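Structure data follow from input27.txt (compact mmCIF, C-alpha atoms):
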```
# COMPACT_ATOMS: atom_id res chain seq x y z
CA MET V 1 0.00 0.00 0.00
CA ILE V 2 2.79 2.38 0.95
CA TYR V 3 4.64 1.34 -2.20
CA LEU V 4 1.60 2.19 -4.39
CA LYS V 5 1.17 5.60 -2.72
CA LYS V 6 4.82 6.38 -3.26
CA LYS V 7 4.57 5.23 -6.89
CA TRP V 8 1.55 7.46 -7.57
CA PHE V 9 3.24 10.38 -5.85
CA ILE V 10 6.26 10.00 -8.11
CA ILE V 11 4.07 9.75 -11.22
CA VAL V 12 2.07 12.86 -10.27
CA PHE V 13 5.25 14.74 -9.38
CA VAL V 14 6.87 13.85 -12.72
CA ILE V 15 3.76 14.88 -14.69
CA PHE V 16 3.47 18.13 -12.74
CA SER V 17 7.16 18.91 -13.23
CA LEU V 18 6.85 18.12 -16.92
CA LEU V 19 3.86 20.46 -17.31
CA ILE V 20 5.68 23.22 -15.45
CA SER V 21 8.73 22.78 -17.68
CA ILE V 22 6.63 22.81 -20.85
CA GLY V 23 4.71 25.87 -19.66
CA TYR V 24 7.90 27.72 -18.78
CA GLY V 25 9.39 26.83 -22.15
CA VAL V 26 6.31 27.99 -24.07
CA GLY V 27 6.10 31.23 -22.09
CA THR V 28 9.79 31.94 -22.48
CA TYR V 29 9.61 31.30 -26.22
CA PHE V 30 6.78 33.77 -26.78
CA VAL V 31 8.26 36.42 -24.47
CA ASN V 32 11.58 36.22 -26.31
CA TYR V 33 9.79 36.18 -29.65
CA ALA V 34 7.71 39.27 -28.86
CA LEU V 35 9.98 41.30 -26.58
CA SER V 36 13.55 40.52 -27.57
CA PRO V 37 15.01 43.11 -29.97
CA SER V 38 16.98 40.36 -31.71
CA SER V 39 14.01 38.10 -32.59
CA ASN V 40 12.41 38.00 -36.05
CA SER V 41 8.94 38.99 -34.80
CA ASP V 42 8.93 42.02 -37.10
CA GLN V 43 8.87 39.65 -40.09
CA ARG V 44 5.13 39.23 -39.94
CA GLU V 45 3.33 36.41 -41.74
CA ILE V 46 -0.39 35.97 -41.25
CA ASP V 47 -3.13 33.92 -42.86
CA GLU V 48 -4.51 35.35 -46.10
CA SER V 49 -7.96 35.53 -44.55
CA ASP V 50 -6.61 38.07 -42.03
CA GLU V 51 -4.84 40.24 -44.60
CA VAL V 52 -6.44 43.43 -45.87
CA GLN V 53 -5.36 44.01 -49.45
CA LEU V 54 -4.83 47.53 -50.76
CA ALA V 55 -5.78 48.43 -54.31
CA ASN V 56 -2.78 48.48 -56.66
CA ASP V 57 -3.02 52.22 -57.31
CA VAL V 58 -3.28 52.94 -53.57
CA GLU V 59 -0.28 50.75 -52.80
CA LYS V 60 1.71 52.47 -55.53
CA GLN V 61 0.76 55.89 -54.20
CA ILE V 62 1.82 54.95 -50.67
CA ILE V 63 5.18 53.57 -51.84
CA GLN V 64 5.90 56.71 -53.87
CA ASN V 65 5.10 58.92 -50.90
CA GLN V 66 7.15 56.73 -48.56
CA ASN V 67 10.18 57.13 -50.83
CA LYS V 68 9.79 60.92 -50.85
CA GLU V 69 9.31 61.00 -47.09
CA THR V 70 12.40 58.82 -46.57
CA ILE V 71 14.53 61.30 -48.51
CA LYS V 72 13.03 64.20 -46.54
CA GLY V 73 13.79 62.36 -43.32
CA LEU V 74 17.39 61.61 -44.29
CA ASN V 75 18.01 65.26 -45.13
CA PHE V 76 16.53 66.33 -41.80
CA SER V 77 18.50 63.71 -39.87
CA GLU V 78 21.77 65.25 -41.05
CA LYS V 79 20.86 68.49 -39.27
CA THR V 80 19.96 66.92 -35.93
CA LYS V 81 22.17 66.73 -32.85
CA PRO V 82 22.74 63.66 -30.64
CA MET V 83 21.43 63.48 -27.09
CA ILE V 84 21.55 60.96 -24.27
CA ILE V 85 19.61 60.56 -21.03
CA SER V 86 19.32 57.98 -18.27
CA SER V 87 16.06 56.13 -17.62
CA GLU V 88 14.66 55.56 -14.15
CA ASP V 89 16.11 52.04 -14.24
CA SER V 90 19.52 53.38 -15.34
CA LEU V 91 19.43 52.54 -19.05
CA ARG V 92 21.26 54.86 -21.41
CA LEU V 93 18.67 56.16 -23.86
CA ARG V 94 19.82 57.93 -26.99
CA GLY V 95 18.10 60.21 -29.44
CA GLN V 96 18.41 63.18 -31.77
CA TYR V 97 17.05 66.72 -31.50
CA LEU V 98 16.94 70.01 -33.34
CA ASP V 99 15.76 73.28 -31.87
CA HIS V 100 15.06 76.86 -32.92
CA GLU V 101 16.51 79.82 -31.06
CA ASN V 102 13.26 81.50 -30.03
CA SER V 103 10.58 78.83 -29.90
CA HIS V 104 9.04 77.26 -26.81
CA ARG V 105 6.93 74.80 -28.81
CA TRP V 106 8.32 71.28 -28.61
CA VAL V 107 7.32 67.90 -29.97
CA ILE V 108 8.59 64.49 -28.88
CA LEU V 109 8.17 61.94 -31.67
CA VAL V 110 7.83 58.30 -30.63
CA HIS V 111 8.55 55.51 -33.11
CA GLY V 112 7.01 52.05 -33.39
CA TYR V 113 7.87 48.42 -32.67
CA LYS V 114 11.26 47.12 -33.92
CA SER V 115 11.89 50.53 -35.47
CA SER V 116 14.02 53.56 -34.52
CA ASN V 117 13.92 57.33 -34.58
CA GLU V 118 14.99 57.18 -38.23
CA ASN V 119 11.39 56.30 -39.07
CA MET V 120 10.21 59.54 -37.43
CA MET V 121 12.68 61.88 -39.15
CA SER V 122 10.20 62.97 -41.85
CA TYR V 123 7.72 63.80 -39.07
CA GLY V 124 10.47 65.79 -37.39
CA SER V 125 11.15 67.70 -40.60
CA GLU V 126 7.51 68.73 -40.88
CA TYR V 127 7.26 69.89 -37.28
CA TYR V 128 10.58 71.73 -37.47
CA ASP V 129 9.52 73.57 -40.62
CA ASN V 130 6.42 74.66 -38.70
CA GLY V 131 8.48 76.23 -35.94
CA TYR V 132 8.74 73.36 -33.45
CA ASN V 133 11.76 72.15 -31.56
CA VAL V 134 11.99 68.41 -32.21
CA VAL V 135 13.10 65.50 -30.01
CA LEU V 136 13.41 62.03 -31.54
CA PRO V 137 14.17 59.30 -28.98
CA ASP V 138 15.23 55.75 -29.69
CA ASN V 139 12.96 53.70 -27.43
CA ARG V 140 14.58 51.27 -25.01
CA ALA V 141 15.85 48.12 -26.74
CA HIS V 142 15.60 49.96 -30.07
CA GLY V 143 18.05 51.86 -32.25
CA LYS V 144 21.04 53.10 -30.25
CA SER V 145 19.35 52.91 -26.84
CA ASP V 146 20.12 50.26 -24.25
CA GLY V 147 17.62 47.66 -23.10
CA THR V 148 17.10 43.90 -23.02
CA TYR V 149 13.32 43.78 -23.47
CA ILE V 150 10.91 45.91 -25.52
CA GLY V 151 8.60 48.03 -23.35
CA MET V 152 5.56 47.95 -25.67
CA GLY V 153 4.69 51.48 -24.52
CA TRP V 154 4.35 50.63 -20.83
CA LEU V 155 8.01 50.94 -19.86
CA ASP V 156 8.40 53.57 -22.57
CA LYS V 157 5.87 55.92 -20.99
CA ASP V 158 8.22 56.29 -18.03
CA ASP V 159 11.10 56.91 -20.42
CA ILE V 160 9.04 59.62 -22.11
CA ALA V 161 8.80 61.31 -18.71
CA CYS V 162 12.61 61.44 -18.69
CA TRP V 163 12.67 62.99 -22.17
CA VAL V 164 10.07 65.55 -21.03
CA ASN V 165 12.29 66.43 -18.08
CA TRP V 166 15.24 66.90 -20.45
CA VAL V 167 13.19 69.37 -22.51
CA ILE V 168 12.04 71.32 -19.45
CA GLU V 169 15.58 71.57 -18.11
CA LYS V 170 16.67 72.97 -21.47
CA ASP V 171 13.63 75.25 -21.84
CA PRO V 172 11.64 75.96 -18.63
CA GLN V 173 8.95 77.63 -20.76
CA ALA V 174 8.51 74.61 -23.00
CA GLN V 175 5.06 73.57 -24.22
CA ILE V 176 5.32 69.94 -25.33
CA ILE V 177 3.27 67.79 -27.71
CA LEU V 178 3.70 64.01 -27.83
CA HIS V 179 3.20 62.36 -31.23
CA GLY V 180 3.60 58.61 -31.65
CA VAL V 181 2.96 55.97 -34.31
CA SER V 182 1.96 52.30 -33.69
CA MET V 183 3.74 51.25 -30.48
CA GLY V 184 4.62 54.93 -30.25
CA GLY V 185 0.92 55.75 -30.41
CA ALA V 186 0.29 53.35 -27.53
CA THR V 187 3.19 54.97 -25.64
CA VAL V 188 1.60 58.40 -26.08
CA MET V 189 -1.76 57.15 -24.82
CA MET V 190 -0.19 55.42 -21.85
CA ALA V 191 1.84 58.55 -21.03
CA SER V 192 -1.26 60.75 -21.23
CA GLY V 193 -2.63 59.23 -18.03
CA ASP V 194 0.48 60.33 -16.12
CA ARG V 195 -0.24 64.01 -16.91
CA LEU V 196 3.42 64.85 -17.51
CA PRO V 197 4.40 68.46 -16.74
CA GLN V 198 4.15 70.99 -19.57
CA VAL V 199 2.74 68.40 -22.00
CA VAL V 200 -0.17 70.19 -23.67
CA GLY V 201 -1.49 67.68 -26.21
CA TYR V 202 -1.18 64.34 -27.97
CA ILE V 203 -1.24 62.90 -31.48
CA GLU V 204 -1.89 59.15 -31.39
CA ASP V 205 -1.50 57.27 -34.68
CA CYS V 206 -2.63 53.59 -34.83
CA GLY V 207 -1.81 52.64 -31.24
CA TYR V 208 -3.40 49.61 -29.56
CA THR V 209 -5.80 49.28 -26.62
CA SER V 210 -3.45 47.22 -24.45
CA VAL V 211 -0.43 44.97 -24.74
CA TRP V 212 -2.63 42.00 -23.84
CA ASP V 213 -5.09 42.83 -26.65
CA ILE V 214 -2.48 43.25 -29.38
CA PHE V 215 -0.64 40.08 -28.35
CA ALA V 216 -3.92 38.15 -28.25
CA SER V 217 -4.74 39.40 -31.75
CA GLU V 218 -1.32 38.45 -33.12
CA LEU V 219 -1.31 35.09 -31.32
CA ASP V 220 -4.43 34.24 -33.27
CA LYS V 221 -3.31 35.71 -36.62
CA ARG V 222 0.26 34.41 -36.61
CA PHE V 223 -0.02 31.12 -34.74
CA SER V 224 -3.77 30.31 -34.62
CA LEU V 225 -3.40 29.85 -30.87
CA PRO V 226 -5.85 30.81 -28.13
CA THR V 227 -5.05 33.33 -25.40
CA PHE V 228 -6.04 30.84 -22.70
CA LEU V 229 -2.94 29.35 -21.10
CA VAL V 230 -0.53 30.42 -23.85
CA LEU V 231 -0.85 34.16 -23.24
CA ASP V 232 -1.49 33.70 -19.52
CA ILE V 233 1.77 31.78 -19.14
CA SER V 234 3.64 34.23 -21.37
CA ASN V 235 2.32 37.11 -19.29
CA PHE V 236 3.56 35.43 -16.11
CA ILE V 237 7.02 34.97 -17.63
CA ALA V 238 7.03 38.57 -18.92
CA LYS V 239 6.37 39.89 -15.40
CA ILE V 240 9.48 38.02 -14.25
CA LYS V 241 11.76 38.78 -17.19
CA ALA V 242 10.59 42.14 -18.58
CA GLY V 243 9.01 43.55 -15.43
CA TYR V 244 5.47 44.34 -16.55
CA ASP V 245 2.01 42.87 -16.89
CA PHE V 246 0.37 42.76 -20.33
CA LYS V 247 -3.07 43.55 -18.91
CA GLU V 248 -1.84 46.39 -16.73
CA ALA V 249 -0.15 47.90 -19.80
CA SER V 250 -3.43 49.38 -20.99
CA SER V 251 -3.96 52.46 -23.13
CA VAL V 252 -7.67 52.35 -22.32
CA ASP V 253 -7.07 52.57 -18.58
CA GLN V 254 -4.43 55.27 -18.87
CA ILE V 255 -6.30 57.66 -21.17
CA GLN V 256 -9.21 57.84 -18.77
CA LYS V 257 -6.91 59.90 -16.51
CA ALA V 258 -5.78 62.28 -19.29
CA ASN V 259 -6.62 65.98 -19.26
CA GLN V 260 -5.22 67.41 -22.51
CA PRO V 261 -6.49 67.25 -26.13
CA MET V 262 -5.76 64.15 -28.21
CA LEU V 263 -6.09 63.44 -31.93
CA PHE V 264 -6.69 59.76 -32.76
CA ILE V 265 -5.55 58.59 -36.23
CA HIS V 266 -6.06 55.16 -37.79
CA GLY V 267 -6.03 53.50 -41.19
CA ALA V 268 -9.31 51.77 -41.98
CA LYS V 269 -7.42 48.90 -43.66
CA ASP V 270 -5.05 48.24 -40.76
CA ASP V 271 -4.69 44.46 -40.37
CA PHE V 272 -2.16 44.71 -37.53
CA VAL V 273 -3.85 47.00 -34.99
CA PRO V 274 -7.55 46.30 -35.68
CA LEU V 275 -9.65 49.35 -36.54
CA GLU V 276 -12.06 48.68 -33.68
CA MET V 277 -9.27 49.44 -31.22
CA VAL V 278 -9.23 53.14 -32.15
CA TYR V 279 -12.96 53.41 -31.51
CA GLU V 280 -12.49 51.85 -28.08
CA VAL V 281 -9.77 54.29 -27.01
CA TYR V 282 -11.57 57.24 -28.61
CA ASP V 283 -14.80 56.47 -26.77
CA ALA V 284 -12.90 56.13 -23.48
CA TYR V 285 -11.09 59.47 -23.81
CA PRO V 286 -12.57 61.91 -21.30
CA THR V 287 -11.63 65.32 -22.69
CA THR V 288 -11.09 67.20 -25.99
CA LYS V 289 -10.61 64.74 -28.85
CA GLU V 290 -10.96 64.19 -32.58
CA LEU V 291 -10.91 61.06 -34.71
CA TYR V 292 -9.28 60.90 -38.14
CA ILE V 293 -9.85 57.67 -40.12
CA VAL V 294 -7.94 57.30 -43.38
CA GLU V 295 -10.12 54.93 -45.37
CA GLU V 296 -7.49 53.55 -47.77
CA ALA V 297 -4.52 53.29 -45.39
CA GLY V 298 -3.08 50.17 -43.78
CA HIS V 299 -1.04 50.05 -40.60
CA ALA V 300 1.02 53.21 -40.00
CA GLN V 301 0.27 54.39 -43.55
CA SER V 302 -2.09 57.29 -42.83
CA LYS V 303 0.60 59.90 -43.44
CA ASP V 304 2.00 58.24 -46.52
CA TYR V 305 -1.39 57.76 -48.14
CA ASP V 306 -1.90 61.53 -48.34
CA VAL V 307 0.92 63.52 -46.75
CA LYS V 308 -0.67 66.94 -47.18
CA ALA V 309 -4.06 65.84 -45.81
CA TYR V 310 -2.38 64.21 -42.81
CA TRP V 311 -0.46 67.30 -41.80
CA ASN V 312 -3.39 69.60 -42.47
CA LYS V 313 -5.41 67.52 -40.02
CA VAL V 314 -2.65 67.40 -37.41
CA PHE V 315 -1.90 71.12 -37.42
CA ASP V 316 -5.57 72.09 -37.66
CA PHE V 317 -6.22 70.02 -34.54
CA ILE V 318 -3.25 71.51 -32.70
CA ASP V 319 -4.06 75.10 -33.67
CA LYS V 320 -7.73 74.78 -32.77
CA ASN V 321 -7.46 72.77 -29.57
CA ILE V 322 -4.03 73.53 -28.10
CA TRP V 323 -2.65 76.90 -29.16
CA ASN V 324 -6.04 78.60 -29.44
```

Starting from the file, lay out its structure as structure tokens.
Amino acid sequence: MIYLKKKWFIIVFVIFSLLISIGYGVGTYFVNYALSPSSNSDQREIDESDEVQLANDVEKQIIQNQNKETIKGLNFSEKTKPMIISSEDSLRLRGQYLDHENSHRWVILVHGYKSSNENMMSYGSEYYDNGYNVVLPDNRAHGKSDGTYIGMGWLDKDDIACWVNWVIEKDPQAQIILHGVSMGGATVMMASGDRLPQVVGYIEDCGYTSVWDIFASELDKRFSLPTFLVLDISNFIAKIKAGYDFKEASSVDQIQKANQPMLFIHGAKDDFVPLEMVYEVYDAYPTTKELYIVEEAGHAQSKDYDVKAYWNKVFDFIDKNIWN
């Protein structure tokens, strides 16, 4: 009898240990896949049924505009100056900036996932030509900045606070706008709830509702896997390794504490950050807001679909709701 009890105990223990090991392995794989800067998670392949196809003429138009914007960004980048700050957890964060002599209007431009500030240089050129001082950070674990794990906007919102402090130290009269695209858009929304000093408005372009939501969406589209267990285990591992909770990292929760105007931008044919996400964050926003849907644009393509229309909307919103 004692022998049988011992035998069953060993069997149960082995099975339990095996399940724990498998769970840890699965969670570690997906955390490294999603949050490691060296993974290939930016090489996105999804099922054809989840893809939103652009018309040939629209795709051609976007590519032509992207090429022009890239050249504009490269020319602007050559004028910028390097900068470096320290994050609250002692990472060295690097970026570029360019300022005017007599302007107190600033913009901090926040790039997207597996990208760098190079992708925001054309945005910087446009703001600078309109009289703004421009700051272009490399997010943690991106570009030239330090970092082991990608912050997905949640860790980055605290880094943005450090960039804001850098601006205020340089210009105590600074009035700062935050403008972010994709993960940068989520960063802006998450930062809005912290009511950072001297930040007077936000431009959010195709950000997601929460880290949990965007990972759940991609888990389904890329791997055809359910959130149950897979994402729960990955979230547990992420809290240990990366230091944050996917559910806590919520744009929806953060924006409900915001108190400055925000413009929400989204491409109607975005198959990465689903269109319904922008309606959820827009509806949750408690103060001055506008919604700009670009019907023919995919993910992060709203500017490049119609550059002039994009900037007209952005500066009209800012002039009407912030400087007026």

For Asp304 (chain V), work out the shell of residues within 10 Å, counting only C-alpha atoms and skipping chain neighbours fewer than 2 positions away, then give it as a CSV table (one decimal) with C-alpha atoms, in the frame of the given file.
```
chain,number,residue,atom,x,y,z
V,61,GLN,CA,0.8,55.9,-54.2
V,62,ILE,CA,1.8,55.0,-50.7
V,63,ILE,CA,5.2,53.6,-51.8
V,64,GLN,CA,5.9,56.7,-53.9
V,65,ASN,CA,5.1,58.9,-50.9
V,66,GLN,CA,7.2,56.7,-48.6
V,67,ASN,CA,10.2,57.1,-50.8
V,68,LYS,CA,9.8,60.9,-50.8
V,69,GLU,CA,9.3,61.0,-47.1
V,297,ALA,CA,-4.5,53.3,-45.4
V,298,GLY,CA,-3.1,50.2,-43.8
V,300,ALA,CA,1.0,53.2,-40.0
V,301,GLN,CA,0.3,54.4,-43.6
V,302,SER,CA,-2.1,57.3,-42.8
V,306,ASP,CA,-1.9,61.5,-48.3
V,307,VAL,CA,0.9,63.5,-46.8
V,308,LYS,CA,-0.7,66.9,-47.2
V,309,ALA,CA,-4.1,65.8,-45.8
V,310,TYR,CA,-2.4,64.2,-42.8
```

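Using all atoms listed in the file, the smallest distance between any of V:Pro226, V:Gly95, V:Pro197, V:Gly153 and Pro172 (chain V) comes from V:Pro197.
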
(request) For Asp220 (chain V), work out the shell of residues within 12 Å, counting all atoms listed in the file and skipping chain neighbours fewer than 6 positions away, then give it as an MDAnalysis selection string. (result) chainID V and resid 45:47 49:50 213:214 226:228 230:231 272

Restricted to C-alpha atoms, what would the selected residues look like written as a PDB file, keeping the file's coordinate frame?
```pdb
ATOM      1  CA  GLU V  45       3.330  36.410 -41.740  1.00  0.00           C
ATOM      2  CA  ILE V  46      -0.390  35.970 -41.250  1.00  0.00           C
ATOM      3  CA  ASP V  47      -3.130  33.920 -42.860  1.00  0.00           C
ATOM      4  CA  SER V  49      -7.960  35.530 -44.550  1.00  0.00           C
ATOM      5  CA  ASP V  50      -6.610  38.070 -42.030  1.00  0.00           C
ATOM      6  CA  ASP V 213      -5.090  42.830 -26.650  1.00  0.00           C
ATOM      7  CA  ILE V 214      -2.480  43.250 -29.380  1.00  0.00           C
ATOM      8  CA  PRO V 226      -5.850  30.810 -28.130  1.00  0.00           C
ATOM      9  CA  THR V 227      -5.050  33.330 -25.400  1.00  0.00           C
ATOM     10  CA  PHE V 228      -6.040  30.840 -22.700  1.00  0.00           C
ATOM     11  CA  VAL V 230      -0.530  30.420 -23.850  1.00  0.00           C
ATOM     12  CA  LEU V 231      -0.850  34.160 -23.240  1.00  0.00           C
ATOM     13  CA  PHE V 272      -2.160  44.710 -37.530  1.00  0.00           C
TER      14      PHE V 272
END
```

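Atom to atom, CA of Ala141 (chain V) and CA of Arg92 (chain V) stand 10.2 Å apart.
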
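Straight-line separation from CA of Ser250 (chain V) to CA of Gly180 (chain V): 15.8 Å.
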
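For the pair CA of Ala161 (chain V) and CA of Lys79 (chain V), the interatomic distance is 24.9 Å.
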
Could you give me, as JSON lines, every region 132-241 of chain V residue with an atom at most 10 Å from region 99-117 of chain V, plus its closest atom pair and distance in Å to one decimal, counting all atoms listed in the file, rows ordered by chain then number?
```
{"residue": "V:Tyr132", "atom": "CA", "partner": "V:Arg105", "partner_atom": "CA", "distance": 5.2}
{"residue": "V:Asn133", "atom": "CA", "partner": "V:Asp99", "partner_atom": "CA", "distance": 4.2}
{"residue": "V:Val134", "atom": "CA", "partner": "V:Val107", "partner_atom": "CA", "distance": 5.2}
{"residue": "V:Val135", "atom": "CA", "partner": "V:Ile108", "partner_atom": "CA", "distance": 4.8}
{"residue": "V:Leu136", "atom": "CA", "partner": "V:Leu109", "partner_atom": "CA", "distance": 5.2}
{"residue": "V:Pro137", "atom": "CA", "partner": "V:Asn117", "partner_atom": "CA", "distance": 5.9}
{"residue": "V:Asp138", "atom": "CA", "partner": "V:Asn117", "partner_atom": "CA", "distance": 5.3}
{"residue": "V:Asn139", "atom": "CA", "partner": "V:Ser116", "partner_atom": "CA", "distance": 7.2}
{"residue": "V:Arg140", "atom": "CA", "partner": "V:Ser116", "partner_atom": "CA", "distance": 9.8}
{"residue": "V:Ala141", "atom": "CA", "partner": "V:Lys114", "partner_atom": "CA", "distance": 8.6}
{"residue": "V:His142", "atom": "CA", "partner": "V:Ser116", "partner_atom": "CA", "distance": 5.9}
{"residue": "V:Gly143", "atom": "CA", "partner": "V:Ser116", "partner_atom": "CA", "distance": 4.9}
{"residue": "V:Lys144", "atom": "CA", "partner": "V:Ser116", "partner_atom": "CA", "distance": 8.2}
{"residue": "V:Ser145", "atom": "CA", "partner": "V:Ser116", "partner_atom": "CA", "distance": 9.4}
{"residue": "V:Ile150", "atom": "CA", "partner": "V:Tyr113", "partner_atom": "CA", "distance": 8.2}
{"residue": "V:Gly151", "atom": "CA", "partner": "V:Tyr113", "partner_atom": "CA", "distance": 9.4}
{"residue": "V:Met152", "atom": "CA", "partner": "V:Tyr113", "partner_atom": "CA", "distance": 7.4}
{"residue": "V:Gly153", "atom": "CA", "partner": "V:Gly112", "partner_atom": "CA", "distance": 9.2}
{"residue": "V:Asp156", "atom": "CA", "partner": "V:Val110", "partner_atom": "CA", "distance": 9.4}
{"residue": "V:Ile160", "atom": "CA", "partner": "V:Ile108", "partner_atom": "CA", "distance": 8.4}
{"residue": "V:Trp163", "atom": "CA", "partner": "V:Ile108", "partner_atom": "CA", "distance": 8.0}
{"residue": "V:Val164", "atom": "CA", "partner": "V:Ile108", "partner_atom": "CA", "distance": 8.1}
{"residue": "V:Val167", "atom": "CA", "partner": "V:Trp106", "partner_atom": "CA", "distance": 8.0}
{"residue": "V:Ile168", "atom": "CA", "partner": "V:Trp106", "partner_atom": "CA", "distance": 9.9}
{"residue": "V:Asp171", "atom": "CA", "partner": "V:His104", "partner_atom": "CA", "distance": 7.1}
{"residue": "V:Pro172", "atom": "CA", "partner": "V:His104", "partner_atom": "CA", "distance": 8.7}
{"residue": "V:Gln173", "atom": "CA", "partner": "V:His104", "partner_atom": "CA", "distance": 6.1}
{"residue": "V:Ala174", "atom": "CA", "partner": "V:His104", "partner_atom": "CA", "distance": 4.7}
{"residue": "V:Gln175", "atom": "CA", "partner": "V:Arg105", "partner_atom": "CA", "distance": 5.1}
{"residue": "V:Ile176", "atom": "CA", "partner": "V:Trp106", "partner_atom": "CA", "distance": 4.6}
{"residue": "V:Ile177", "atom": "CA", "partner": "V:Val107", "partner_atom": "CA", "distance": 4.6}
{"residue": "V:Leu178", "atom": "CA", "partner": "V:Ile108", "partner_atom": "CA", "distance": 5.0}
{"residue": "V:His179", "atom": "CA", "partner": "V:Leu109", "partner_atom": "CA", "distance": 5.0}
{"residue": "V:Gly180", "atom": "CA", "partner": "V:Val110", "partner_atom": "CA", "distance": 4.4}
{"residue": "V:Val181", "atom": "CA", "partner": "V:Gly112", "partner_atom": "CA", "distance": 5.7}
{"residue": "V:Ser182", "atom": "CA", "partner": "V:Gly112", "partner_atom": "CA", "distance": 5.1}
{"residue": "V:Met183", "atom": "CA", "partner": "V:Gly112", "partner_atom": "CA", "distance": 4.4}
{"residue": "V:Gly184", "atom": "CA", "partner": "V:Val110", "partner_atom": "CA", "distance": 4.7}
{"residue": "V:Gly185", "atom": "CA", "partner": "V:Val110", "partner_atom": "CA", "distance": 7.4}
{"residue": "V:Ala186", "atom": "CA", "partner": "V:Gly112", "partner_atom": "CA", "distance": 9.0}
{"residue": "V:Thr187", "atom": "CA", "partner": "V:Val110", "partner_atom": "CA", "distance": 7.6}
{"residue": "V:Val188", "atom": "CA", "partner": "V:Val110", "partner_atom": "CA", "distance": 7.7}
{"residue": "V:Gln198", "atom": "CA", "partner": "V:Trp106", "partner_atom": "CA", "distance": 10.0}
{"residue": "V:Val199", "atom": "CA", "partner": "V:Trp106", "partner_atom": "CA", "distance": 9.1}
{"residue": "V:Val200", "atom": "CA", "partner": "V:Trp106", "partner_atom": "CA", "distance": 9.9}
{"residue": "V:Gly201", "atom": "CA", "partner": "V:Val107", "partner_atom": "CA", "distance": 9.6}
{"residue": "V:Tyr202", "atom": "CA", "partner": "V:Val107", "partner_atom": "CA", "distance": 9.4}
{"residue": "V:Ile203", "atom": "CA", "partner": "V:Leu109", "partner_atom": "CA", "distance": 9.5}
{"residue": "V:Glu204", "atom": "CA", "partner": "V:Val110", "partner_atom": "CA", "distance": 9.8}
{"residue": "V:Cys206", "atom": "CA", "partner": "V:Gly112", "partner_atom": "CA", "distance": 9.9}
{"residue": "V:Gly207", "atom": "CA", "partner": "V:Gly112", "partner_atom": "CA", "distance": 9.1}
```

(request) Tell me which protein, DNA and RNA residues are within 7 Å of Lys247 (chain V), counting all atoms listed in the file, leaving out same-chain ones fewer than 4 positions away, and put them as a PyMOL selection string. (result) chain V and resi 210-212

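Closest approach to Met190 (chain V) among V:Ser41, V:Thr148, V:Thr288, V:Gln254 is made by V:Gln254 (distances from all atoms listed in the file).
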
6 Å per side around region 246-251 of chain V: axis-aligned box centre and edge lengths, as lines of an AutoDock Vina configuration file:
```
center_x = -1.8
center_y = 47.6
center_z = -19.9
size_x = 16.3
size_y = 21.7
size_z = 18.4
```

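Within the 9 Å cut-off around region 24-27 of chain V, using all atoms listed in the file and omitting residues fewer than 6 positions from it on the same chain, the listed residues are V:Val230, V:Leu231, V:Asp232, V:Ile233, V:Ser234, V:Asn235, V:Phe236, V:Ile237, V:Ala238.
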
Determine, for each residue of region 227-297 of chain V having at least one atom at most 12 Å from an atom of region 56-59 of chain V, the closest pair of atoms and their separation in Å to one decimal, counting all atoms listed in the file; order by chain and ascending number, as a Markdown table.
```
| residue | atom | partner | partner_atom | distance |
| --- | --- | --- | --- | --- |
| V:Lys269 | CA | V:Val58 | CA | 11.5 |
| V:Glu295 | CA | V:Val58 | CA | 10.9 |
| V:Glu296 | CA | V:Val58 | CA | 7.2 |
| V:Ala297 | CA | V:Val58 | CA | 8.3 |
```

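Across V:Asp271, V:Gln53, V:Ile322, V:Val294, the tightest approach to Glu218 (chain V) is made by V:Asp271 when counting only C-alpha atoms.
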